[in-house]
file structure14.txt (compact mmCIF, all heavy atoms)
# COMPACT_ATOMS: atom_id res chain seq x y z
N MET A 1 87.04 105.64 29.60
CA MET A 1 87.49 104.48 28.85
C MET A 1 87.81 103.34 29.81
O MET A 1 88.48 103.54 30.82
CB MET A 1 88.76 104.80 28.07
CG MET A 1 88.55 105.52 26.77
SD MET A 1 90.14 105.96 26.06
CE MET A 1 90.12 105.00 24.61
N SER A 2 87.39 102.16 29.46
CA SER A 2 87.70 101.01 30.29
C SER A 2 89.11 100.52 29.98
O SER A 2 89.74 100.94 29.01
CB SER A 2 86.68 99.90 30.03
OG SER A 2 86.86 99.36 28.73
N GLY A 3 89.59 99.61 30.78
CA GLY A 3 90.93 99.08 30.60
C GLY A 3 91.11 98.38 29.26
O GLY A 3 92.14 98.52 28.61
N SER A 4 90.10 97.61 28.85
CA SER A 4 90.22 96.89 27.58
C SER A 4 90.22 97.85 26.40
O SER A 4 90.91 97.60 25.40
CB SER A 4 89.08 95.88 27.44
OG SER A 4 87.82 96.53 27.44
N THR A 5 89.49 98.95 26.49
CA THR A 5 89.47 99.93 25.41
C THR A 5 90.82 100.63 25.30
O THR A 5 91.33 100.84 24.20
CB THR A 5 88.35 100.96 25.65
OG1 THR A 5 87.12 100.27 25.83
CG2 THR A 5 88.22 101.90 24.47
N LYS A 6 91.41 100.96 26.44
CA LYS A 6 92.74 101.58 26.43
C LYS A 6 93.77 100.62 25.85
O LYS A 6 94.64 101.01 25.07
CB LYS A 6 93.15 101.99 27.84
CG LYS A 6 92.44 103.20 28.35
CD LYS A 6 92.92 103.56 29.74
CE LYS A 6 92.13 104.73 30.30
NZ LYS A 6 92.53 105.08 31.66
N THR A 7 93.68 99.35 26.23
CA THR A 7 94.61 98.36 25.71
C THR A 7 94.48 98.23 24.20
O THR A 7 95.49 98.15 23.50
CB THR A 7 94.34 96.99 26.37
OG1 THR A 7 94.47 97.12 27.78
CG2 THR A 7 95.29 95.93 25.86
N MET A 8 93.27 98.25 23.71
CA MET A 8 93.06 98.15 22.27
C MET A 8 93.62 99.38 21.56
O MET A 8 94.21 99.27 20.48
CB MET A 8 91.58 97.99 21.97
CG MET A 8 91.29 97.55 20.58
SD MET A 8 89.62 96.93 20.49
CE MET A 8 89.68 96.12 18.93
N GLY A 9 93.47 100.55 22.15
CA GLY A 9 94.03 101.77 21.57
C GLY A 9 95.54 101.73 21.53
O GLY A 9 96.16 102.09 20.51
N VAL A 10 96.15 101.26 22.60
CA VAL A 10 97.61 101.14 22.64
C VAL A 10 98.08 100.12 21.62
O VAL A 10 99.09 100.34 20.93
CB VAL A 10 98.07 100.76 24.08
CG1 VAL A 10 99.54 100.37 24.09
CG2 VAL A 10 97.80 101.90 25.04
N LEU A 11 97.37 99.02 21.49
CA LEU A 11 97.72 98.01 20.50
C LEU A 11 97.64 98.58 19.08
O LEU A 11 98.50 98.31 18.25
CB LEU A 11 96.78 96.81 20.64
CG LEU A 11 96.99 95.67 19.65
CD1 LEU A 11 98.34 95.02 19.88
CD2 LEU A 11 95.88 94.65 19.78
N THR A 12 96.62 99.37 18.82
CA THR A 12 96.45 99.97 17.49
C THR A 12 97.60 100.93 17.18
O THR A 12 98.17 100.90 16.08
CB THR A 12 95.10 100.71 17.40
OG1 THR A 12 94.05 99.77 17.67
CG2 THR A 12 94.88 101.31 16.04
N VAL A 13 97.95 101.77 18.13
CA VAL A 13 99.06 102.72 17.92
C VAL A 13 100.38 101.95 17.78
O VAL A 13 101.20 102.27 16.92
CB VAL A 13 99.12 103.74 19.07
CG1 VAL A 13 100.38 104.59 18.98
CG2 VAL A 13 97.88 104.62 19.05
N GLY A 14 100.57 100.93 18.59
CA GLY A 14 101.78 100.10 18.49
C GLY A 14 101.88 99.42 17.14
O GLY A 14 102.96 99.34 16.55
N ALA A 15 100.75 98.92 16.66
CA ALA A 15 100.74 98.28 15.34
C ALA A 15 101.08 99.28 14.24
O ALA A 15 101.77 98.94 13.28
CB ALA A 15 99.38 97.64 15.08
N LEU A 16 100.61 100.52 14.38
CA LEU A 16 100.95 101.55 13.40
C LEU A 16 102.45 101.80 13.38
O LEU A 16 103.06 101.91 12.31
CB LEU A 16 100.20 102.86 13.71
CG LEU A 16 100.55 104.05 12.82
CD1 LEU A 16 100.22 103.74 11.36
CD2 LEU A 16 99.83 105.29 13.29
N VAL A 17 103.07 101.85 14.54
CA VAL A 17 104.52 102.05 14.62
C VAL A 17 105.26 100.88 13.96
O VAL A 17 106.19 101.08 13.18
CB VAL A 17 104.96 102.22 16.09
CG1 VAL A 17 106.47 102.19 16.23
CG2 VAL A 17 104.38 103.50 16.67
N VAL A 18 104.81 99.66 14.23
CA VAL A 18 105.46 98.48 13.65
C VAL A 18 105.31 98.46 12.14
O VAL A 18 106.28 98.21 11.41
CB VAL A 18 104.89 97.19 14.29
CG1 VAL A 18 105.34 95.96 13.53
CG2 VAL A 18 105.30 97.09 15.74
N VAL A 19 104.11 98.71 11.64
CA VAL A 19 103.87 98.70 10.19
C VAL A 19 104.67 99.80 9.51
O VAL A 19 105.25 99.59 8.44
CB VAL A 19 102.37 98.82 9.88
CG1 VAL A 19 102.11 99.02 8.40
CG2 VAL A 19 101.63 97.58 10.37
N THR A 20 104.74 100.97 10.14
CA THR A 20 105.52 102.07 9.58
C THR A 20 107.00 101.73 9.54
O THR A 20 107.69 101.98 8.54
CB THR A 20 105.29 103.36 10.37
OG1 THR A 20 103.89 103.66 10.37
CG2 THR A 20 106.04 104.53 9.77
N ALA A 21 107.51 101.14 10.60
CA ALA A 21 108.93 100.74 10.64
C ALA A 21 109.21 99.66 9.60
O ALA A 21 110.24 99.71 8.92
CB ALA A 21 109.29 100.23 12.04
N TYR A 22 108.32 98.71 9.46
CA TYR A 22 108.48 97.66 8.45
C TYR A 22 108.52 98.27 7.05
O TYR A 22 109.36 97.90 6.23
CB TYR A 22 107.33 96.66 8.56
CG TYR A 22 107.41 95.53 7.55
CD1 TYR A 22 108.03 94.34 7.90
CD2 TYR A 22 106.88 95.64 6.27
CE1 TYR A 22 108.12 93.29 6.99
CE2 TYR A 22 106.97 94.61 5.36
CZ TYR A 22 107.58 93.44 5.72
OH TYR A 22 107.67 92.41 4.82
N THR A 23 107.61 99.21 6.80
CA THR A 23 107.56 99.86 5.50
C THR A 23 108.85 100.64 5.23
O THR A 23 109.39 100.60 4.12
CB THR A 23 106.34 100.80 5.41
OG1 THR A 23 105.15 100.00 5.56
CG2 THR A 23 106.28 101.53 4.09
N ALA A 24 109.35 101.33 6.22
CA ALA A 24 110.59 102.11 6.05
C ALA A 24 111.79 101.19 5.82
O ALA A 24 112.68 101.52 5.02
CB ALA A 24 110.82 102.99 7.27
N ALA A 25 111.82 100.05 6.50
CA ALA A 25 112.99 99.17 6.41
C ALA A 25 112.95 98.25 5.19
O ALA A 25 113.96 98.05 4.53
CB ALA A 25 113.10 98.34 7.68
N LEU A 26 111.79 97.69 4.91
CA LEU A 26 111.71 96.63 3.91
C LEU A 26 110.81 96.93 2.72
O LEU A 26 110.71 96.13 1.80
CB LEU A 26 111.23 95.32 4.57
CG LEU A 26 112.10 94.81 5.71
CD1 LEU A 26 111.46 93.62 6.37
CD2 LEU A 26 113.49 94.45 5.21
N GLY A 27 110.12 98.05 2.76
CA GLY A 27 109.20 98.38 1.67
C GLY A 27 107.76 98.10 2.06
O GLY A 27 107.48 97.37 3.01
N SER A 28 106.88 98.67 1.31
CA SER A 28 105.46 98.60 1.64
C SER A 28 104.90 97.19 1.47
O SER A 28 105.27 96.45 0.56
CB SER A 28 104.69 99.57 0.75
OG SER A 28 103.33 99.58 1.11
N ASN A 29 103.99 96.85 2.36
CA ASN A 29 103.27 95.59 2.28
C ASN A 29 101.79 95.93 2.44
O ASN A 29 101.33 96.31 3.53
CB ASN A 29 103.73 94.63 3.38
CG ASN A 29 103.06 93.28 3.28
OD1 ASN A 29 101.94 93.16 2.82
ND2 ASN A 29 103.76 92.25 3.73
N GLY A 30 101.02 95.80 1.38
CA GLY A 30 99.61 96.16 1.38
C GLY A 30 98.79 95.42 2.42
O GLY A 30 97.87 95.98 3.01
N TRP A 31 99.11 94.14 2.65
CA TRP A 31 98.34 93.36 3.61
C TRP A 31 98.52 93.87 5.03
O TRP A 31 97.59 93.85 5.83
CB TRP A 31 98.70 91.88 3.53
CG TRP A 31 98.11 91.23 2.32
CD1 TRP A 31 98.78 90.80 1.23
CD2 TRP A 31 96.72 90.96 2.09
NE1 TRP A 31 97.89 90.28 0.32
CE2 TRP A 31 96.62 90.36 0.82
CE3 TRP A 31 95.56 91.17 2.83
CZ2 TRP A 31 95.40 89.97 0.28
CZ3 TRP A 31 94.34 90.79 2.28
CH2 TRP A 31 94.27 90.19 1.03
N LEU A 32 99.75 94.31 5.35
CA LEU A 32 99.96 94.87 6.69
C LEU A 32 99.15 96.14 6.89
O LEU A 32 98.55 96.35 7.95
CB LEU A 32 101.45 95.16 6.93
CG LEU A 32 102.35 93.96 7.17
CD1 LEU A 32 103.80 94.43 7.32
CD2 LEU A 32 101.91 93.20 8.40
N TRP A 33 99.15 97.00 5.88
CA TRP A 33 98.38 98.24 5.98
C TRP A 33 96.89 97.94 6.03
O TRP A 33 96.15 98.58 6.78
CB TRP A 33 98.71 99.19 4.83
CG TRP A 33 100.03 99.84 5.03
CD1 TRP A 33 101.19 99.57 4.38
CD2 TRP A 33 100.34 100.85 6.00
NE1 TRP A 33 102.20 100.35 4.88
CE2 TRP A 33 101.72 101.15 5.87
CE3 TRP A 33 99.61 101.53 6.97
CZ2 TRP A 33 102.36 102.10 6.66
CZ3 TRP A 33 100.25 102.47 7.75
CH2 TRP A 33 101.59 102.76 7.60
N PHE A 34 96.44 96.97 5.26
CA PHE A 34 95.03 96.58 5.29
C PHE A 34 94.64 96.08 6.68
O PHE A 34 93.61 96.46 7.24
CB PHE A 34 94.75 95.50 4.24
CG PHE A 34 93.35 94.96 4.30
CD1 PHE A 34 92.28 95.71 3.82
CD2 PHE A 34 93.09 93.71 4.84
CE1 PHE A 34 90.98 95.22 3.89
CE2 PHE A 34 91.80 93.21 4.91
CZ PHE A 34 90.74 93.97 4.42
N ALA A 35 95.51 95.24 7.27
CA ALA A 35 95.24 94.71 8.62
C ALA A 35 95.19 95.85 9.64
O ALA A 35 94.35 95.85 10.54
CB ALA A 35 96.30 93.69 9.00
N TRP A 36 96.08 96.83 9.48
CA TRP A 36 96.08 97.95 10.42
C TRP A 36 94.81 98.77 10.27
O TRP A 36 94.23 99.22 11.27
CB TRP A 36 97.31 98.85 10.23
CG TRP A 36 97.32 99.91 11.26
CD1 TRP A 36 97.77 99.80 12.53
CD2 TRP A 36 96.78 101.23 11.13
NE1 TRP A 36 97.55 100.99 13.21
CE2 TRP A 36 96.94 101.88 12.37
CE3 TRP A 36 96.17 101.93 10.09
CZ2 TRP A 36 96.52 103.19 12.59
CZ3 TRP A 36 95.76 103.23 10.30
CH2 TRP A 36 95.94 103.84 11.54
N VAL A 37 94.36 99.00 9.05
CA VAL A 37 93.11 99.75 8.84
C VAL A 37 91.94 99.02 9.47
O VAL A 37 91.09 99.64 10.12
CB VAL A 37 92.88 100.00 7.33
CG1 VAL A 37 91.47 100.49 7.06
CG2 VAL A 37 93.90 100.99 6.80
N VAL A 38 91.89 97.70 9.31
CA VAL A 38 90.81 96.91 9.94
C VAL A 38 90.89 97.04 11.46
O VAL A 38 89.88 97.27 12.13
CB VAL A 38 90.89 95.44 9.50
CG1 VAL A 38 89.96 94.57 10.32
CG2 VAL A 38 90.56 95.32 8.02
N LEU A 39 92.09 96.90 12.03
CA LEU A 39 92.26 97.04 13.48
C LEU A 39 91.85 98.43 13.95
O LEU A 39 91.15 98.58 14.96
CB LEU A 39 93.72 96.77 13.87
CG LEU A 39 94.08 96.92 15.34
CD1 LEU A 39 93.28 95.93 16.19
CD2 LEU A 39 95.57 96.73 15.55
N GLY A 40 92.24 99.47 13.21
CA GLY A 40 91.86 100.84 13.57
C GLY A 40 90.36 101.05 13.52
O GLY A 40 89.77 101.70 14.39
N THR A 41 89.72 100.47 12.50
CA THR A 41 88.27 100.60 12.36
C THR A 41 87.54 99.90 13.53
O THR A 41 86.59 100.45 14.09
CB THR A 41 87.80 100.01 11.02
OG1 THR A 41 88.49 100.69 9.96
CG2 THR A 41 86.31 100.17 10.82
N VAL A 42 88.02 98.73 13.88
CA VAL A 42 87.42 98.01 15.01
C VAL A 42 87.62 98.78 16.31
O VAL A 42 86.71 98.90 17.13
CB VAL A 42 88.01 96.59 15.12
CG1 VAL A 42 87.60 95.91 16.42
CG2 VAL A 42 87.58 95.75 13.93
N THR A 43 88.81 99.36 16.49
CA THR A 43 89.09 100.15 17.68
C THR A 43 88.16 101.36 17.77
O THR A 43 87.59 101.65 18.83
CB THR A 43 90.56 100.61 17.70
OG1 THR A 43 91.39 99.46 17.66
CG2 THR A 43 90.86 101.44 18.94
N ILE A 44 87.98 102.05 16.66
CA ILE A 44 87.06 103.20 16.64
C ILE A 44 85.64 102.75 16.96
O ILE A 44 84.93 103.42 17.72
CB ILE A 44 87.13 103.91 15.27
CG1 ILE A 44 88.48 104.62 15.13
CG2 ILE A 44 85.98 104.91 15.11
CD1 ILE A 44 88.75 105.15 13.75
N GLY A 45 85.24 101.61 16.42
CA GLY A 45 83.91 101.08 16.73
C GLY A 45 83.73 100.76 18.20
O GLY A 45 82.69 101.05 18.80
N VAL A 46 84.75 100.17 18.82
CA VAL A 46 84.68 99.85 20.25
C VAL A 46 84.62 101.11 21.08
O VAL A 46 83.82 101.21 22.02
CB VAL A 46 85.89 98.96 20.66
CG1 VAL A 46 85.99 98.85 22.16
CG2 VAL A 46 85.78 97.59 20.02
N VAL A 47 85.44 102.10 20.74
CA VAL A 47 85.43 103.36 21.48
C VAL A 47 84.07 104.03 21.34
O VAL A 47 83.51 104.55 22.33
CB VAL A 47 86.57 104.29 20.98
CG1 VAL A 47 86.41 105.70 21.54
CG2 VAL A 47 87.92 103.72 21.36
N ALA A 48 83.51 104.02 20.15
CA ALA A 48 82.20 104.64 19.92
C ALA A 48 81.10 103.92 20.69
O ALA A 48 80.20 104.56 21.26
CB ALA A 48 81.87 104.68 18.43
N SER A 49 81.16 102.60 20.73
CA SER A 49 80.12 101.86 21.43
C SER A 49 80.23 102.00 22.94
O SER A 49 79.22 101.96 23.64
CB SER A 49 80.17 100.37 21.04
OG SER A 49 81.33 99.76 21.56
N LYS A 50 81.43 102.17 23.46
CA LYS A 50 81.61 102.36 24.91
C LYS A 50 81.16 103.76 25.33
O LYS A 50 80.81 103.96 26.48
CB LYS A 50 83.08 102.16 25.31
CG LYS A 50 83.61 100.81 25.07
CD LYS A 50 83.22 99.86 26.15
CE LYS A 50 83.88 98.50 25.89
NZ LYS A 50 83.58 97.54 26.89
N GLY A 51 81.17 104.71 24.39
CA GLY A 51 80.79 106.07 24.71
C GLY A 51 79.29 106.25 24.91
O GLY A 51 78.85 107.21 25.54
N THR A 52 78.49 105.32 24.41
CA THR A 52 77.03 105.45 24.54
C THR A 52 76.50 104.67 25.71
O THR A 52 77.11 103.81 26.25
CB THR A 52 76.33 104.97 23.25
OG1 THR A 52 76.69 103.61 23.02
CG2 THR A 52 76.70 105.84 22.09
call {"tool": "encode", "arguments": {"input": "structure14.txt", "output": "structure tokens"}}
result
Amino acid sequence: MSGSTKTMGVLTVGALVVVTAYTAALGSNGWLWFAWVVLGTVTIGVVASKGT
């Protein structure tokens, strides 16, 4: 994994922690979860493309 791929993975996991904490504290927000799913999908795509 390159440095940028690792950074993106850490950002994705960090965003999951933030969205989960927000949901626990203030209630669910669909847009935050949607944004996290998009970020996760892009991260998986980057990891897959770097693997080939």
call {"tool": "atom_distance", "arguments": {"input": "structure14.txt", "atom1": "atom C of Val38 (chain A)", "atom2": "CA of Thr5 (chain A)"}}
result
14.3 Å
call {"tool": "residues_around", "arguments": {"input": "structure14.txt", "residues": "region 8-14 of chain A", "least_positions_apart": "6", "cutoff": "4.5 Å", "atoms": "all heavy atoms", "output": "PyMOL selection string"}}
result
chain A and resi 36+39-40+42-43+46
call {"tool": "residues_around", "arguments": {"input": "structure14.txt", "residues": "Val19 (chain A)", "least_positions_apart": "6", "cutoff": "6 Å", "atoms": "all heavy atoms", "output": "PyMOL selection string"}}
result
chain A and resi 29+32-33+36
call {"tool": "write_last_selection", "arguments": {"input": "structure14.txt", "atoms": "all heavy atoms", "output": "compact mmCIF listing (two decimals), in the frame of the given file"}}
result
# COMPACT_ATOMS: atom_id res chain seq x y z
N ASN A 29 103.99 96.85 2.36
CA ASN A 29 103.27 95.59 2.28
C ASN A 29 101.79 95.93 2.44
O ASN A 29 101.33 96.31 3.53
CB ASN A 29 103.73 94.63 3.38
CG ASN A 29 103.06 93.28 3.28
OD1 ASN A 29 101.94 93.16 2.82
ND2 ASN A 29 103.76 92.25 3.73
N LEU A 32 99.75 94.31 5.35
CA LEU A 32 99.96 94.87 6.69
C LEU A 32 99.15 96.14 6.89
O LEU A 32 98.55 96.35 7.95
CB LEU A 32 101.45 95.16 6.93
CG LEU A 32 102.35 93.96 7.17
CD1 LEU A 32 103.80 94.43 7.32
CD2 LEU A 32 101.91 93.20 8.40
N TRP A 33 99.15 97.00 5.88
CA TRP A 33 98.38 98.24 5.98
C TRP A 33 96.89 97.94 6.03
O TRP A 33 96.15 98.58 6.78
CB TRP A 33 98.71 99.19 4.83
CG TRP A 33 100.03 99.84 5.03
CD1 TRP A 33 101.19 99.57 4.38
CD2 TRP A 33 100.34 100.85 6.00
NE1 TRP A 33 102.20 100.35 4.88
CE2 TRP A 33 101.72 101.15 5.87
CE3 TRP A 33 99.61 101.53 6.97
CZ2 TRP A 33 102.36 102.10 6.66
CZ3 TRP A 33 100.25 102.47 7.75
CH2 TRP A 33 101.59 102.76 7.60
N TRP A 36 96.08 96.83 9.48
CA TRP A 36 96.08 97.95 10.42
C TRP A 36 94.81 98.77 10.27
O TRP A 36 94.23 99.22 11.27
CB TRP A 36 97.31 98.85 10.23
CG TRP A 36 97.32 99.91 11.26
CD1 TRP A 36 97.77 99.80 12.53
CD2 TRP A 36 96.78 101.23 11.13
NE1 TRP A 36 97.55 100.99 13.21
CE2 TRP A 36 96.94 101.88 12.37
CE3 TRP A 36 96.17 101.93 10.09
CZ2 TRP A 36 96.52 103.19 12.59
CZ3 TRP A 36 95.76 103.23 10.30
CH2 TRP A 36 95.94 103.84 11.54
call {"tool": "atom_distance", "arguments": {"input": "structure14.txt", "atom1": "atom O of Trp31 (chain A)", "atom2": "NZ of Lys6 (chain A)"}}
result
28.6 Å
call {"tool": "axis_aligned_box", "arguments": {"input": "structure14.txt", "around": "region 3-15 of chain A", "padding_each_side": "3 Å", "output": "lines of an AutoDock Vina configuration file"}}
result
center_x = 95.0
center_y = 99.9
center_z = 22.5
size_x = 21.8
size_y = 16.4
size_z = 24.4
call {"tool": "atom_distance", "arguments": {"input": "structure14.txt", "atom1": "atom N of Val18 (chain A)", "atom2": "CA of Ile44 (chain A)"}}
result
18.3 Å
